[in-house]
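target.pdb, holding PDB, C-alpha atoms and all ligand atoms:
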ATOM      1  CA  MET F   1      16.556   5.570 -11.900  1.00  0.00           C
ATOM      2  CA  THR F   2      16.217   9.363 -11.814  1.00  0.00           C
ATOM      3  CA  THR F   3      13.379   9.180  -9.279  1.00  0.00           C
ATOM      4  CA  ILE F   4      15.407   7.071  -6.860  1.00  0.00           C
ATOM      5  CA  ASP F   5      18.433   9.343  -7.315  1.00  0.00           C
ATOM      6  CA  LEU F   6      16.250  12.327  -6.445  1.00  0.00           C
ATOM      7  CA  LEU F   7      14.833  10.677  -3.342  1.00  0.00           C
ATOM      8  CA  GLY F   8      18.190   9.666  -1.938  1.00  0.00           C
ATOM      9  CA  ARG F   9      18.146   7.116   0.876  1.00  0.00           C
ATOM     10  CA  VAL F  10      14.669   5.669   1.437  1.00  0.00           C
ATOM     11  CA  SER F  11      13.477   3.309   4.169  1.00  0.00           C
ATOM     12  CA  GLY F  12      11.462   1.250   1.730  1.00  0.00           C
ATOM     13  CA  ALA F  13       8.844   1.159  -0.985  1.00  0.00           C
ATOM     14  CA  VAL F  14       5.133   0.412  -0.857  1.00  0.00           C
ATOM     15  CA  ILE F  15       3.933  -0.931  -4.187  1.00  0.00           C
ATOM     16  CA  VAL F  16       0.328   0.032  -4.862  1.00  0.00           C
ATOM     17  CA  THR F  17      -1.524  -2.027  -7.409  1.00  0.00           C
ATOM     18  CA  THR F  18      -5.053  -2.801  -8.530  1.00  0.00           C
ATOM     19  CA  PRO F  19      -7.166  -5.934  -8.162  1.00  0.00           C
ATOM     20  CA  GLN F  20      -7.090  -6.944 -11.851  1.00  0.00           C
ATOM     21  CA  GLU F  21      -5.031  -9.844 -13.119  1.00  0.00           C
ATOM     22  CA  VAL F  22      -2.850  -7.397 -15.084  1.00  0.00           C
ATOM     23  CA  ALA F  23      -1.645  -6.125 -11.696  1.00  0.00           C
ATOM     24  CA  LEU F  24       0.744  -9.048 -11.600  1.00  0.00           C
ATOM     25  CA  LEU F  25       2.679  -7.672 -14.573  1.00  0.00           C
ATOM     26  CA  ASP F  26       2.936  -4.135 -13.178  1.00  0.00           C
ATOM     27  CA  SER F  27       3.836  -5.323  -9.696  1.00  0.00           C
ATOM     28  CA  ARG F  28       6.569  -7.548 -11.048  1.00  0.00           C
ATOM     29  CA  LYS F  29       8.104  -4.548 -12.852  1.00  0.00           C
ATOM     30  CA  SER F  30       7.990  -2.490  -9.646  1.00  0.00           C
ATOM     31  CA  VAL F  31       9.506  -5.278  -7.545  1.00  0.00           C
ATOM     32  CA  THR F  32      12.306  -5.740 -10.103  1.00  0.00           C
ATOM     33  CA  PHE F  33      12.896  -1.977 -10.144  1.00  0.00           C
ATOM     34  CA  CYS F  34      13.176  -1.860  -6.341  1.00  0.00           C
ATOM     35  CA  LYS F  35      15.549  -4.818  -6.266  1.00  0.00           C
ATOM     36  CA  ASP F  36      17.728  -3.292  -9.009  1.00  0.00           C
ATOM     37  CA  SER F  37      17.766   0.046  -7.151  1.00  0.00           C
ATOM     38  CA  GLU F  38      18.445  -1.662  -3.790  1.00  0.00           C
ATOM     39  CA  VAL F  39      15.283  -0.192  -2.291  1.00  0.00           C
ATOM     40  CA  PRO F  40      13.773  -2.470   0.382  1.00  0.00           C
ATOM     41  CA  ILE F  41      10.197  -3.504  -0.361  1.00  0.00           C
ATOM     42  CA  ILE F  42       7.786  -2.944   2.519  1.00  0.00           C
ATOM     43  CA  GLY F  43       4.949  -4.666   0.721  1.00  0.00           C
ATOM     44  CA  ILE F  44       2.120  -4.522  -1.775  1.00  0.00           C
ATOM     45  CA  VAL F  45      -1.222  -2.733  -1.323  1.00  0.00           C
ATOM     46  CA  GLU F  46      -4.298  -3.556  -3.386  1.00  0.00           C
ATOM     47  CA  ASN F  47      -6.039  -0.258  -4.143  1.00  0.00           C
ATOM     48  CA  MET F  48      -9.559   0.170  -5.593  1.00  0.00           C
ATOM     49  CA  SER F  49     -10.385  -3.117  -3.982  1.00  0.00           C
ATOM     50  CA  GLY F  50     -14.154  -3.290  -4.143  1.00  0.00           C
ATOM     51  CA  LEU F  51     -16.883  -0.845  -3.194  1.00  0.00           C
ATOM     52  CA  GLU F  52     -19.585  -0.909  -0.578  1.00  0.00           C
ATOM     53  CA  CYS F  53     -22.916  -0.137  -2.231  1.00  0.00           C
ATOM     54  CA  PRO F  54     -24.190   3.088  -0.588  1.00  0.00           C
ATOM     55  CA  HIS F  55     -27.769   1.811  -0.887  1.00  0.00           C
ATOM     56  CA  CYS F  56     -27.780  -1.782   0.300  1.00  0.00           C
ATOM     57  CA  HIS F  57     -24.224  -1.961   1.743  1.00  0.00           C
ATOM     58  CA  SER F  58     -23.391  -5.102  -0.208  1.00  0.00           C
ATOM     59  CA  HIS F  59     -19.820  -5.491  -1.440  1.00  0.00           C
ATOM     60  CA  ILE F  60     -19.136  -5.076  -5.168  1.00  0.00           C
ATOM     61  CA  ASP F  61     -15.788  -6.116  -6.661  1.00  0.00           C
ATOM     62  CA  VAL F  62     -15.687  -3.448  -9.390  1.00  0.00           C
ATOM     63  CA  PHE F  63     -12.249  -4.425 -10.670  1.00  0.00           C
ATOM     64  CA  ARG F  64     -12.335  -8.019  -9.409  1.00  0.00           C
ATOM     65  CA  LYS F  65     -10.288  -9.037  -6.405  1.00  0.00           C
ATOM     66  CA  GLY F  66      -6.984 -10.590  -5.420  1.00  0.00           C
ATOM     67  CA  GLY F  67      -4.490  -9.137  -7.934  1.00  0.00           C
ATOM     68  CA  GLY F  68      -2.459  -7.476  -5.200  1.00  0.00           C
ATOM     69  CA  GLU F  69      -2.365 -10.476  -2.936  1.00  0.00           C
ATOM     70  CA  ALA F  70      -1.537 -12.813  -5.843  1.00  0.00           C
ATOM     71  CA  SER F  71       1.324 -10.494  -6.846  1.00  0.00           C
ATOM     72  CA  ALA F  72       2.709 -10.453  -3.308  1.00  0.00           C
ATOM     73  CA  LEU F  73       2.503 -14.230  -3.057  1.00  0.00           C
ATOM     74  CA  ASP F  74       4.053 -14.683  -6.496  1.00  0.00           C
ATOM     75  CA  MET F  75       7.027 -12.461  -5.704  1.00  0.00           C
ATOM     76  CA  GLY F  76       7.504 -13.369  -2.071  1.00  0.00           C
ATOM     77  CA  VAL F  77       6.868  -9.897  -0.673  1.00  0.00           C
ATOM     78  CA  PRO F  78       4.446  -9.008   2.156  1.00  0.00           C
ATOM     79  CA  PHE F  79       0.827  -8.215   1.315  1.00  0.00           C
ATOM     80  CA  LEU F  80      -0.134  -5.145   3.367  1.00  0.00           C
ATOM     81  CA  GLY F  81      -3.866  -5.056   2.647  1.00  0.00           C
ATOM     82  CA  ARG F  82      -6.742  -3.811   0.521  1.00  0.00           C
ATOM     83  CA  ILE F  83      -8.123  -0.285   0.234  1.00  0.00           C
ATOM     84  CA  PRO F  84     -11.689  -0.130  -1.059  1.00  0.00           C
ATOM     85  CA  LEU F  85     -13.106   2.492  -3.417  1.00  0.00           C
ATOM     86  CA  ASP F  86     -14.819   4.995  -1.150  1.00  0.00           C
ATOM     87  CA  PRO F  87     -16.509   8.182  -2.395  1.00  0.00           C
ATOM     88  CA  ASP F  88     -16.014   9.749   1.058  1.00  0.00           C
ATOM     89  CA  VAL F  89     -12.224   9.583   0.569  1.00  0.00           C
ATOM     90  CA  VAL F  90     -12.562  11.737  -2.554  1.00  0.00           C
ATOM     91  CA  THR F  91     -14.812  14.252  -0.809  1.00  0.00           C
ATOM     92  CA  GLN F  92     -12.548  14.563   2.208  1.00  0.00           C
ATOM     93  CA  SER F  93      -9.343  14.654   0.162  1.00  0.00           C
ATOM     94  CA  ASP F  94     -10.765  17.493  -1.916  1.00  0.00           C
ATOM     95  CA  ALA F  95     -11.417  19.312   1.355  1.00  0.00           C
ATOM     96  CA  GLY F  96      -7.750  18.850   2.236  1.00  0.00           C
ATOM     97  CA  GLU F  97      -8.426  16.565   5.201  1.00  0.00           C
ATOM     98  CA  PRO F  98      -6.645  13.225   5.583  1.00  0.00           C
ATOM     99  CA  PHE F  99      -9.502  10.719   5.491  1.00  0.00           C
ATOM    100  CA  ALA F 100      -8.048   8.212   7.929  1.00  0.00           C
ATOM    101  CA  LEU F 101      -7.661  10.859  10.647  1.00  0.00           C
ATOM    102  CA  PHE F 102     -11.276  11.984  10.549  1.00  0.00           C
ATOM    103  CA  ASN F 103     -13.122   8.687  10.090  1.00  0.00           C
ATOM    104  CA  SER F 104     -11.556   6.240  12.493  1.00  0.00           C
ATOM    105  CA  ASP F 105     -14.695   4.071  12.620  1.00  0.00           C
ATOM    106  CA  SER F 106     -15.010   3.531   8.852  1.00  0.00           C
ATOM    107  CA  PRO F 107     -13.756   0.265   7.304  1.00  0.00           C
ATOM    108  CA  THR F 108     -11.769   2.281   4.731  1.00  0.00           C
ATOM    109  CA  ALA F 109      -9.980   4.224   7.477  1.00  0.00           C
ATOM    110  CA  GLU F 110      -9.286   0.936   9.270  1.00  0.00           C
ATOM    111  CA  ALA F 111      -7.683  -0.378   6.080  1.00  0.00           C
ATOM    112  CA  TYR F 112      -5.446   2.715   5.900  1.00  0.00           C
ATOM    113  CA  HIS F 113      -4.491   2.359   9.568  1.00  0.00           C
ATOM    114  CA  ARG F 114      -3.626  -1.360   9.249  1.00  0.00           C
ATOM    115  CA  ILE F 115      -1.337  -0.565   6.302  1.00  0.00           C
ATOM    116  CA  ALA F 116       0.197   2.473   8.046  1.00  0.00           C
ATOM    117  CA  ASP F 117       0.954   0.361  11.146  1.00  0.00           C
ATOM    118  CA  GLN F 118       2.857  -2.161   9.035  1.00  0.00           C
ATOM    119  CA  VAL F 119       4.812   0.583   7.250  1.00  0.00           C
ATOM    120  CA  GLU F 120       5.634   2.183  10.602  1.00  0.00           C
ATOM    121  CA  SER F 121       6.948  -1.023  12.143  1.00  0.00           C
ATOM    122  CA  PHE F 122       8.987  -1.763   8.996  1.00  0.00           C
ATOM    123  CA  CYS F 123      10.581   1.700   9.168  1.00  0.00           C
ATOM    124  CA  LYS F 124      11.269   1.384  12.894  1.00  0.00           C
ATOM    125  CA  LYS F 125      12.958  -1.969  12.308  1.00  0.00           C
ATOM    126  CA  SER F 126      15.084  -0.724   9.405  1.00  0.00           C
ATOM    127  CA  ASP F 127      15.986   2.393  11.405  1.00  0.00           C
ATOM    128  CA  THR F 128      17.146   0.212  14.300  1.00  0.00           C
ATOM    129  CA  LEU F 129      19.177  -1.920  11.877  1.00  0.00           C
ATOM    130  CA  LEU F 130      20.774   1.168  10.345  1.00  0.00           C
ATOM    131  CA  LYS F 131      21.742   2.503  13.788  1.00  0.00           C
ATOM    132  CA  ALA F 132      23.264  -0.879  14.666  1.00  0.00           C
ATOM    133  CA  VAL F 133      25.281  -0.873  11.435  1.00  0.00           C
ATOM    134  CA  LEU F 134      26.436   2.726  12.032  1.00  0.00           C
ATOM    135  CA  ARG F 135      27.501   1.885  15.590  1.00  0.00           C
ATOM    136  CA  LYS F 136      29.646  -1.008  14.324  1.00  0.00           C
ATOM    137  CA  GLY F 137      31.265   1.107  11.619  1.00  0.00           C
TER     138      GLY F 137
HETATM  139 ZN    ZN V   1     -26.824  -2.048  -3.549  1.00  0.00          ZN
END

Could you write out this structure as structure tokens?
Ligand SMILES: [Zn+2]
Amino acid sequence: MTTIDLLGRVSGAVIVTTPQEVALLDSRKSVTFCKDSEVPIIGIVENMSGLECPHCHSHIDVFRKGGGEASALDMGVPFLGRIPLDPDVVTQSDAGEPFALFNSDSPTAEAYHRIADQVESFCKKSDTLLKAVLRKG
């Protein structure tokens, strides 16, 4: 509760989980927390979702796959997408550069952009709703 109190009014929450089956448990706790705190849920993201082998470019599901999507489906909240494990994200983040801005052609950056677009349109919609409510009041 303290965290939400500190943040004040928020547009919504993005719940980030992992691909393992145990993700369902953690996601359920987060969804319940958001509902109890009256924080709108934008959706669930599955992080560490597979890795592209740097040698042969085949896809490896290091931590399995589908935990995030299963959680979203189970709790009736939107599934925003998967972000793969990508060593380049670590390198670039350590250099202080936002990965998605500098690598627009990489599949990982595309995943970030798809999620960001959904968050943006959610926030625009809730902002419009808030303005409408304020105008009425
Ligand atoms: Zn390989």

Inset, instruction - For atom CA of F:Gly67 and atom CA of F:Ser121, quote the distance in Å rounded to one decimal. - result: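 Computed distance, atom CA of F:Gly67 to atom CA of F:Ser121, equals 24.5 Å.
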
Quick one: residues within 10 Å of F:Val39, only C-alpha atoms counted, chain neighbours fewer than 2 positions away excluded, as a PDB file with C-alpha atoms, in the coordinates of the input?
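Once everything was written out, this is selection-v8.pdb:
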ATOM      1  CA  ILE F   4      15.407   7.071  -6.860  1.00  0.00           C
ATOM      2  CA  ARG F   9      18.146   7.116   0.876  1.00  0.00           C
ATOM      3  CA  VAL F  10      14.669   5.669   1.437  1.00  0.00           C
ATOM      4  CA  SER F  11      13.477   3.309   4.169  1.00  0.00           C
ATOM      5  CA  GLY F  12      11.462   1.250   1.730  1.00  0.00           C
ATOM      6  CA  ALA F  13       8.844   1.159  -0.985  1.00  0.00           C
ATOM      7  CA  VAL F  31       9.506  -5.278  -7.545  1.00  0.00           C
ATOM      8  CA  PHE F  33      12.896  -1.977 -10.144  1.00  0.00           C
ATOM      9  CA  CYS F  34      13.176  -1.860  -6.341  1.00  0.00           C
ATOM     10  CA  LYS F  35      15.549  -4.818  -6.266  1.00  0.00           C
ATOM     11  CA  ASP F  36      17.728  -3.292  -9.009  1.00  0.00           C
ATOM     12  CA  SER F  37      17.766   0.046  -7.151  1.00  0.00           C
ATOM     13  CA  ILE F  41      10.197  -3.504  -0.361  1.00  0.00           C
ATOM     14  CA  ILE F  42       7.786  -2.944   2.519  1.00  0.00           C
TER      15      ILE F  42
END

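Closest approach to F:Val22 among F:Phe102, F:Phe63, F:Phe79, F:Tyr112: F:Phe63, based on only C-alpha atoms.
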
Inset, instruction - Figure out the distance between atom CA of F:Asp117 and atom CA of F:Lys136, please, to one decimal in Å. - result: 28.9 Å

Inset, instruction - Using only C-alpha atoms and all ligand atoms, determine which residues fall within 12 Å of ligand ZN 1 (chain V), then list them as an NGL selection string. - result: :F and (51-60)

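Closest approach to F:Pro107 from the set F:Val62, F:Ile83, F:Met48, F:Val14 is made by F:Ile83, with distances taken over all atoms listed in the file.
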
Legend entry - Atomic distance atom CA of F:Arg64 - atom CA of F:Asn103, expressed in Å with one decimal: 25.7 Å

Legend entry - Residue contacts of F:Lys65 (7 Å, only C-alpha atoms) excluding same-chain residues fewer than 5 positions away, as number ranges by chain: F: 19-20, 49
